>>> print(open('data-v8.txt').read())   # compact mmCIF, C-alpha atoms
# COMPACT_ATOMS: atom_id res chain seq x y z
CA MET Z 1 -17.77 -60.88 -25.31
CA ALA Z 2 -19.28 -57.55 -26.37
CA SER Z 3 -22.79 -58.67 -25.50
CA THR Z 4 -21.61 -59.76 -22.02
CA VAL Z 5 -20.01 -56.36 -21.39
CA ASP Z 6 -23.11 -54.53 -22.58
CA LEU Z 7 -25.29 -56.68 -20.35
CA LYS Z 8 -23.15 -55.93 -17.31
CA HIS Z 9 -23.19 -52.22 -18.12
CA SER Z 10 -26.97 -52.18 -18.42
CA GLU Z 11 -27.30 -54.01 -15.11
CA VAL Z 12 -25.05 -51.48 -13.38
CA GLN Z 13 -27.05 -48.62 -14.90
CA ALA Z 14 -30.31 -50.16 -13.73
CA LEU Z 15 -28.98 -50.63 -10.19
CA ALA Z 16 -27.71 -47.03 -10.08
CA ASP Z 17 -31.11 -45.77 -11.21
CA GLN Z 18 -32.86 -47.88 -8.58
CA VAL Z 19 -30.66 -46.84 -5.65
CA GLY Z 20 -30.62 -43.20 -6.71
CA SER Z 21 -34.41 -43.10 -7.02
CA LEU Z 22 -34.87 -44.63 -3.56
CA LEU Z 23 -32.39 -42.26 -1.92
CA GLY Z 24 -33.96 -39.20 -3.58
CA ALA Z 25 -37.43 -40.26 -2.46
CA ALA Z 26 -36.20 -40.85 1.11
CA LEU Z 27 -34.59 -37.39 1.25
CA ASN Z 28 -37.79 -35.80 -0.01
CA GLY Z 29 -39.85 -37.83 2.45
CA ARG Z 30 -37.81 -36.41 5.32
CA GLY Z 31 -38.09 -32.89 3.94
CA THR Z 32 -34.31 -32.57 3.80
CA GLU Z 33 -33.45 -29.00 2.77
CA GLY Z 34 -37.08 -28.48 1.86
CA GLY Z 35 -37.30 -31.44 -0.52
CA GLY Z 36 -37.00 -31.36 -4.30
CA TRP Z 37 -34.17 -33.91 -4.59
CA SER Z 38 -33.68 -35.75 -7.88
CA HIS Z 39 -31.10 -38.25 -9.14
CA HIS Z 40 -29.02 -38.49 -12.31
CA VAL Z 41 -27.23 -41.63 -13.49
CA ASP Z 42 -23.80 -41.39 -15.11
CA ALA Z 43 -24.52 -43.11 -18.41
CA GLU Z 44 -20.84 -43.39 -19.36
CA ALA Z 45 -19.69 -45.18 -16.21
CA HIS Z 46 -19.24 -48.95 -16.17
CA TYR Z 47 -19.53 -48.97 -12.39
CA LEU Z 48 -22.24 -47.77 -10.04
CA SER Z 49 -22.24 -43.96 -10.37
CA PHE Z 50 -25.03 -41.45 -9.87
CA SER Z 51 -25.69 -38.09 -8.20
CA LEU Z 52 -28.34 -36.59 -5.98
CA VAL Z 53 -29.21 -33.00 -6.94
CA HIS Z 54 -31.11 -30.35 -4.99
CA PRO Z 55 -32.66 -27.20 -6.57
CA ARG Z 56 -30.49 -24.97 -4.35
CA GLY Z 57 -27.35 -26.29 -6.04
CA LEU Z 58 -26.44 -29.10 -3.65
CA VAL Z 59 -24.94 -32.06 -5.49
CA LEU Z 60 -23.94 -35.37 -3.89
CA SER Z 61 -21.87 -37.76 -5.98
CA LEU Z 62 -22.17 -41.48 -5.15
CA ARG Z 63 -19.75 -43.98 -6.71
CA HIS Z 64 -18.83 -47.60 -6.20
CA HIS Z 65 -15.04 -47.50 -6.53
CA ASN Z 66 -13.54 -50.27 -4.42
CA THR Z 67 -15.06 -53.24 -6.20
CA HIS Z 68 -11.76 -55.11 -5.89
CA LEU Z 69 -12.00 -55.26 -2.10
CA LYS Z 70 -13.47 -58.34 -0.47
CA GLY Z 71 -16.41 -58.51 1.88
CA SER Z 72 -18.35 -55.46 3.05
CA ALA Z 73 -15.43 -53.15 2.22
CA GLY Z 74 -16.05 -53.83 -1.46
CA ARG Z 75 -19.77 -53.13 -1.08
CA ARG Z 76 -19.61 -49.49 -0.05
CA LEU Z 77 -20.49 -46.33 -1.96
CA THR Z 78 -18.30 -43.24 -1.63
CA VAL Z 79 -20.47 -40.15 -1.13
CA GLU Z 80 -18.78 -36.82 -1.92
CA CYS Z 81 -20.06 -33.25 -1.82
CA VAL Z 82 -19.62 -31.42 -5.13
CA TYR Z 83 -18.44 -27.78 -5.07
CA PRO Z 84 -18.10 -25.16 -7.82
CA PRO Z 85 -14.73 -25.12 -9.65
CA GLY Z 86 -12.03 -23.20 -7.81
CA TYR Z 87 -13.18 -24.01 -4.29
CA SER Z 88 -10.15 -23.80 -2.00
CA GLY Z 89 -11.49 -26.11 0.71
CA THR Z 90 -11.78 -29.87 0.92
CA ALA Z 91 -14.96 -31.61 -0.12
CA GLU Z 92 -16.67 -33.61 2.62
CA THR Z 93 -16.90 -37.37 2.01
CA THR Z 94 -18.32 -40.42 3.70
CA THR Z 95 -19.25 -43.97 2.75
CA VAL Z 96 -22.47 -45.94 2.94
CA GLY Z 97 -22.95 -49.68 2.56
CA LEU Z 98 -24.80 -51.01 -0.46
CA ASP Z 99 -26.26 -53.71 1.78
CA SER Z 100 -27.54 -51.12 4.29
CA SER Z 101 -31.14 -49.97 4.30
CA ILE Z 102 -32.08 -46.82 2.40
CA SER Z 103 -33.11 -45.20 5.68
CA SER Z 104 -29.71 -45.75 7.30
CA MET Z 105 -27.91 -44.55 4.17
CA VAL Z 106 -29.93 -41.34 4.16
CA SER Z 107 -29.39 -40.81 7.90
CA ARG Z 108 -25.62 -41.08 7.48
CA ILE Z 109 -25.63 -38.66 4.54
CA VAL Z 110 -27.78 -36.12 6.38
CA SER Z 111 -25.82 -36.25 9.64
CA HIS Z 112 -22.26 -36.56 8.31
CA LEU Z 113 -22.32 -34.41 5.17
CA LEU Z 114 -25.12 -31.91 4.83
CA PRO Z 115 -24.48 -29.60 7.83
CA ASP Z 116 -20.94 -28.67 6.77
CA TYR Z 117 -21.81 -28.87 3.09
CA VAL Z 118 -24.61 -26.32 3.32
CA LYS Z 119 -22.38 -23.94 5.29
CA ASN Z 120 -19.31 -24.27 3.11
CA LEU Z 121 -21.24 -24.10 -0.14
CA ASP Z 122 -21.99 -20.42 0.51
CA VAL Z 123 -18.25 -19.81 0.99
CA ALA Z 124 -17.49 -21.68 -2.24
CA ARG Z 125 -20.04 -19.62 -4.16
CA ALA Z 126 -18.54 -16.38 -2.83
CA GLU Z 127 -15.08 -17.55 -3.90
CA ARG Z 128 -16.49 -18.42 -7.30
CA ARG Z 129 -17.94 -14.95 -7.75
CA THR Z 130 -14.63 -13.38 -6.73
CA ALA Z 131 -12.73 -15.61 -9.16
CA GLN Z 132 -15.06 -14.58 -11.98
CA GLU Z 133 -14.55 -10.90 -11.16
CA HIS Z 134 -10.77 -11.39 -11.21
CA ARG Z 135 -11.03 -13.22 -14.52
CA ARG Z 136 -12.97 -10.34 -16.08
CA ALA Z 137 -10.40 -7.86 -14.71
CA ARG Z 138 -7.54 -9.80 -16.35
CA GLN Z 139 -9.45 -9.98 -19.62
CA LEU Z 140 -9.92 -6.21 -19.67
CA MET Z 141 -6.29 -5.59 -18.71
CA ASN Z 142 -5.04 -7.94 -21.45
CA GLN Z 143 -7.16 -6.12 -24.02
CA GLU Z 144 -5.78 -2.74 -22.95
CA MET Z 145 -2.19 -4.05 -22.95
CA GLU Z 146 -2.59 -5.48 -26.46
CA GLN Z 147 -3.82 -2.10 -27.66
CA ALA Z 148 -0.88 -0.36 -25.97
CA LEU Z 149 1.69 -2.85 -27.33
CA PRO Z 150 0.57 -4.86 -30.41
CA ALA Z 151 3.66 -7.08 -30.05
CA LEU Z 152 2.14 -8.58 -26.88
CA HIS Z 153 1.12 -12.24 -27.22
CA PRO Z 154 0.28 -15.19 -24.92
CA ALA Z 155 2.50 -18.18 -24.29
CA GLY Z 156 2.22 -21.15 -26.60
CA TRP Z 157 0.73 -23.36 -23.90
CA GLU Z 158 -2.33 -21.14 -23.37
CA SER Z 159 -5.60 -22.58 -24.63
CA GLU Z 160 -8.36 -20.57 -26.30
CA HIS Z 161 -10.36 -20.83 -23.06
CA THR Z 162 -7.63 -19.29 -20.87
CA GLU Z 163 -5.91 -17.02 -23.39
CA SER Z 164 -8.13 -13.98 -22.84
CA SER Z 165 -7.78 -14.14 -19.03
CA ARG Z 166 -4.10 -15.14 -18.94
CA ASN Z 167 -1.81 -13.63 -16.33
CA ARG Z 168 1.40 -13.85 -18.38
CA SER Z 169 2.31 -12.34 -21.75
CA PHE Z 170 5.46 -11.97 -23.84
CA TRP Z 171 6.85 -9.76 -26.57
CA TYR Z 172 10.10 -9.65 -28.53
CA ALA Z 173 12.42 -6.94 -29.77
CA SER Z 174 12.25 -6.42 -33.52
CA SER Z 175 15.85 -7.57 -33.90
CA LEU Z 176 15.15 -10.90 -32.22
CA GLU Z 177 11.84 -12.07 -33.65
CA ASP Z 178 10.16 -11.46 -37.02
CA THR Z 179 6.97 -13.49 -36.51
CA HIS Z 180 5.38 -10.85 -34.23
CA PRO Z 181 4.98 -7.07 -34.55
CA PRO Z 182 8.17 -5.18 -33.69
CA ALA Z 183 8.88 -3.62 -30.33
CA HIS Z 184 11.69 -1.39 -29.12
CA ALA Z 185 12.59 -3.97 -26.44
CA GLY Z 186 11.68 -7.51 -25.46
CA GLY Z 187 10.14 -8.65 -22.21
CA GLN Z 188 7.30 -10.27 -20.35
CA ILE Z 189 4.59 -9.17 -17.93
CA ARG Z 190 2.84 -11.12 -15.16
CA LEU Z 191 -0.50 -9.86 -13.88
CA SER Z 192 -1.64 -10.38 -10.32
CA THR Z 193 -4.79 -12.45 -9.80
CA ASP Z 194 -7.04 -9.39 -9.74
CA ALA Z 195 -4.97 -7.52 -12.38
CA SER Z 196 -4.35 -4.64 -9.97
CA THR Z 197 -0.54 -4.95 -10.19
CA ALA Z 198 2.00 -6.47 -12.56
CA GLU Z 199 5.60 -7.65 -12.71
CA ILE Z 200 7.42 -6.45 -15.82
CA GLU Z 201 10.72 -7.84 -17.07
CA LEU Z 202 12.48 -6.02 -19.93
CA ASN Z 203 15.55 -6.82 -21.98
CA SER Z 204 17.54 -5.01 -24.69
CA VAL Z 205 16.04 -1.66 -23.66
CA PRO Z 206 17.56 1.39 -25.43
CA ALA Z 207 19.00 3.89 -22.96
CA PRO Z 208 16.60 6.77 -23.84
CA ILE Z 209 13.59 4.52 -23.28
CA ALA Z 210 15.07 3.25 -20.01
CA LEU Z 211 15.34 6.85 -18.81
CA GLN Z 212 11.73 7.51 -19.79
CA ILE Z 213 10.60 4.50 -17.81
CA LEU Z 214 12.57 5.60 -14.76
CA ARG Z 215 11.05 9.09 -14.97
CA LEU Z 216 7.57 7.56 -15.05
CA LEU Z 217 8.38 5.61 -11.89
CA ASN Z 218 9.62 8.70 -10.04
CA PRO Z 219 6.82 9.87 -7.71
CA ARG Z 220 8.41 13.35 -7.47
CA PRO Z 221 9.53 14.39 -10.93
CA ALA Z 222 11.73 17.45 -11.39
CA VAL Z 223 9.82 20.68 -12.03
CA GLU Z 224 10.29 21.93 -15.59
CA GLY Z 225 9.60 25.44 -16.90
CA THR Z 226 10.90 29.04 -16.91
CA VAL Z 227 11.41 31.04 -13.75
CA MET Z 228 9.35 34.24 -14.03
CA PRO Z 229 9.77 37.32 -11.76
CA ARG Z 230 6.86 38.10 -9.53
CA GLY Z 231 6.03 41.64 -8.35
CA LEU Z 232 6.02 42.31 -4.63
CA PRO Z 233 2.98 43.92 -3.02
CA PRO Z 234 3.36 47.62 -1.98
CA LYS Z 235 4.74 48.27 1.46
CA ARG Z 236 2.23 49.01 4.14
CA ARG Z 237 2.56 52.04 6.43
CA ALA Z 238 3.94 50.97 9.77
CA LEU Z 239 1.61 51.33 12.69
CA SER Z 240 2.46 54.06 15.19
CA THR Z 241 4.19 52.84 18.32
CA VAL Z 242 2.97 55.83 20.35
CA ARG Z 243 -0.06 55.06 22.40
CA ILE Z 244 -2.10 57.78 24.15
CA ILE Z 245 -4.91 56.81 26.43
CA PRO Z 246 -7.33 59.57 27.45
CA GLY Z 247 -6.98 60.32 31.17
CA GLU Z 248 -3.47 58.87 31.44
CA VAL Z 249 -1.10 60.83 33.69
CA LEU Z 250 2.35 61.28 32.21
CA PRO Z 251 5.20 62.48 34.44
CA GLN Z 252 7.35 65.32 33.11
CA PRO Z 253 11.07 65.53 33.78
CA LEU Z 254 12.22 68.14 36.30
CA ALA Z 255 14.05 71.12 34.78
CA ARG Z 256 17.27 72.21 36.41
CA SER Z 257 17.32 75.83 37.60
CA THR Z 258 20.43 77.84 38.45
CA GLY Z 259 18.54 80.54 40.25
CA GLY Z 260 17.50 78.50 43.29
CA PRO Z 261 14.43 76.64 44.01
CA GLY Z 262 11.48 77.53 41.89
CA PRO Z 263 7.93 76.40 41.59
CA GLN Z 264 7.42 72.68 41.36
CA HIS Z 265 5.97 71.31 38.12
CA ARG Z 266 2.71 69.46 38.39
CA PRO Z 267 1.99 66.41 36.30
CA GLU Z 268 -0.24 66.99 33.32
CA THR Z 269 -3.36 65.08 32.66
CA LEU Z 270 -3.99 64.32 29.02
CA GLY Z 271 -7.42 64.45 27.60
CA ARG Z 272 -9.01 66.30 30.51
CA ARG Z 273 -9.37 70.03 31.13
CA ARG Z 274 -10.70 71.78 34.16
>>> encode(input="data-v8.txt", output="structure tokens")
Amino acid sequence: MASTVDLKHSEVQALADQVGSLLGAALNGRGTEGGGWSHHVDAEAHYLSFSLVHPRGLVLSLRHHNTHLKGSAGRRLTVECVYPPGYSGTAETTTVGLDSSISSMVSRIVSHLLPDYVKNLDVARAERRTAQEHRRARQLMNQEMEQALPALHPAGWESEHTESSRNRSFWYASSLEDTHPPAHAGGQIRLSTDASTAEIELNSVPAPIALQILRLLNPRPAVEGTVMPRGLPPKRRALSTVRIIPGEVLPQPLARSTGGPGPQHRPETLGRRR
């Protein structure tokens, strides 16, 4: 029985190598994406499974899944575009018939998959770079939080791979847990994806510490200090309100005379003499 299984596996591997080699050569012959295509056979698979790889990072996965189906439906390869981990979109897929010619298989792949794949791969790579930046930001924030509060620790379900970039941490009050360093209060903190904000939940917080936290959150804290007297500047001499313009004629009031009419007063001219 074992020898029969091994023989079937080797036959499948040989067929995958043959089809993959022919498809890669056909893509290079057409100059698809500048050529340079190669193929890799999945040595662990017991069904037809291989990939077509381009130097620019394009990867097409071809697998023979529906072997249980009858007729031509069971003789088709599923072709799927491979994206970097974390891609938010949907990978393009199509199928090609194992009984079809290599030329028709390549034509279907080139027309149905590659145009959208090449365009969306740039988007996926940008998302990947952003995800890596966010991961590094969470790692740095977790390190700073652990220095600020040694009682901080990850959840039990975190693996070694995700622990440093986790977005959720816990700590316990000293009266509740003895297996971790003590803290004045228990709680948990959830970081945003880019570690720019956080949600903090506290429990068993002593009243003085609660007041300190509230004061830190107040954007306009009360001014503290001693009121000191401040000397006033010396008074300035008021400007004169009398204005004399050279050449201005000022009327003089008429003086009353009891002795009858007298000489009439003439207006005086200031600033001029004749």
>>> residues_around(input="data-v8.txt", residues="Ser38 in chain Z", least_positions_apart="3", cutoff="10 Å", atoms="only C-alpha atoms", output="count of residues only")
15
>>> atom_distance(input="data-v8.txt", atom1="CA of Ser104 in chain Z", atom2="CA of Val123 in chain Z")
29.1 Å
>>> closest_residue(input="data-v8.txt", among="Z:Gly31, Z:Pro84, Z:Gly97, Z:Gly36", to="Leu62 in chain Z", atoms="all atoms listed in the file")
Z:Gly97
>>> closest_residue(input="data-v8.txt", among="Z:Leu152, Z:Gly89, Z:Gly187, Z:Ala45", to="His64 in chain Z", atoms="all atoms listed in the file")
Z:Ala45
>>> residues_around(input="data-v8.txt", residues="Asp194 in chain Z", least_positions_apart="4", cutoff="12 Å", atoms="only C-alpha atoms", output="compact mmCIF listing (two decimals) with C-alpha atoms, in the frame of the given file")
# COMPACT_ATOMS: atom_id res chain seq x y z
CA THR Z 130 -14.63 -13.38 -6.73
CA ALA Z 131 -12.73 -15.61 -9.16
CA GLN Z 132 -15.06 -14.58 -11.98
CA GLU Z 133 -14.55 -10.90 -11.16
CA HIS Z 134 -10.77 -11.39 -11.21
CA ARG Z 135 -11.03 -13.22 -14.52
CA ARG Z 136 -12.97 -10.34 -16.08
CA ALA Z 137 -10.40 -7.86 -14.71
CA ARG Z 138 -7.54 -9.80 -16.35
CA GLN Z 139 -9.45 -9.98 -19.62
CA LEU Z 140 -9.92 -6.21 -19.67
CA MET Z 141 -6.29 -5.59 -18.71
CA ASN Z 142 -5.04 -7.94 -21.45
CA SER Z 165 -7.78 -14.14 -19.03
CA ARG Z 166 -4.10 -15.14 -18.94
CA ASN Z 167 -1.81 -13.63 -16.33
CA ARG Z 190 2.84 -11.12 -15.16
CA ALA Z 198 2.00 -6.47 -12.56
>>> atom_distance(input="data-v8.txt", atom1="CA of Leu69 in chain Z", atom2="CA of His39 in chain Z")
26.5 Å
>>> closest_residue(input="data-v8.txt", among="Z:Asn120, Z:Gln143, Z:Ala183, Z:Ser10", to="Ser164 in chain Z", atoms="all atoms listed in the file")
Z:Gln143
>>> decode(input="data-v8.txt", residues="range 66-131 of chain Z", atoms="C-alpha atoms", output="compact mmCIF listing (two decimals), in the first residue's frame")
# COMPACT_ATOMS: atom_id res chain seq x y z
CA ASN Z 66 -11.80 19.31 -7.43
CA THR Z 67 -10.55 15.84 -8.29
CA HIS Z 68 -13.83 14.36 -7.02
CA LEU Z 69 -15.85 16.03 -9.77
CA LYS Z 70 -16.62 14.09 -12.93
CA GLY Z 71 -15.78 15.05 -16.48
CA SER Z 72 -14.01 18.28 -17.43
CA ALA Z 73 -15.04 19.92 -14.14
CA GLY Z 74 -12.68 17.57 -12.32
CA ARG Z 75 -9.86 18.35 -14.74
CA ARG Z 76 -9.42 22.04 -14.02
CA LEU Z 77 -6.68 23.90 -12.18
CA THR Z 78 -7.57 26.79 -9.86
CA VAL Z 79 -5.23 29.73 -10.49
CA GLU Z 80 -5.03 32.29 -7.67
CA CYS Z 81 -3.00 35.47 -7.28
CA VAL Z 82 -0.87 35.50 -4.12
CA TYR Z 83 -0.67 38.74 -2.09
CA PRO Z 84 1.46 39.73 0.92
CA PRO Z 85 -0.05 38.92 4.35
CA GLY Z 86 -2.54 41.49 5.56
CA TYR Z 87 -3.93 42.45 2.16
CA SER Z 88 -7.47 43.74 2.68
CA GLY Z 89 -8.71 43.00 -0.84
CA THR Z 90 -9.79 39.79 -2.52
CA ALA Z 91 -7.32 37.75 -4.52
CA GLU Z 92 -8.21 37.29 -8.18
CA THR Z 93 -8.86 33.70 -9.28
CA THR Z 94 -9.70 31.81 -12.43
CA THR Z 95 -9.57 28.23 -13.67
CA VAL Z 96 -7.84 26.57 -16.60
CA GLY Z 97 -8.43 23.10 -18.01
CA LEU Z 98 -5.72 20.49 -17.66
CA ASP Z 99 -6.73 19.18 -21.08
CA SER Z 100 -6.38 22.64 -22.67
CA SER Z 101 -3.28 23.64 -24.60
CA ILE Z 102 -0.50 25.50 -22.80
CA SER Z 103 -1.09 28.48 -25.08
CA SER Z 104 -4.76 28.79 -24.15
CA MET Z 105 -3.97 28.36 -20.46
CA VAL Z 106 -1.42 31.17 -20.61
CA SER Z 107 -3.80 33.41 -22.57
CA ARG Z 108 -6.51 33.00 -19.94
CA ILE Z 109 -4.07 33.72 -17.11
CA VAL Z 110 -2.69 36.83 -18.83
CA SER Z 111 -6.08 38.28 -19.78
CA HIS Z 112 -8.13 37.38 -16.68
CA LEU Z 113 -5.62 37.77 -13.85
CA LEU Z 114 -2.51 39.80 -14.55
CA PRO Z 115 -3.99 43.27 -15.31
CA ASP Z 116 -5.79 43.59 -11.96
CA TYR Z 117 -3.09 41.66 -10.13
CA VAL Z 118 -0.29 44.00 -11.19
CA LYS Z 119 -2.37 47.04 -10.21
CA ASN Z 120 -3.56 45.72 -6.87
CA LEU Z 121 -0.19 44.32 -5.88
CA ASP Z 122 1.16 47.86 -5.48
CA VAL Z 123 -1.76 48.63 -3.16
CA ALA Z 124 -1.09 45.46 -1.17
CA ARG Z 125 2.59 46.34 -0.80
CA ALA Z 126 1.71 49.83 0.45
CA GLU Z 127 -0.69 48.30 3.00
CA ARG Z 128 2.05 45.91 4.04
CA ARG Z 129 4.50 48.75 4.65
CA THR Z 130 1.89 50.63 6.69
CA ALA Z 131 1.14 47.52 8.74
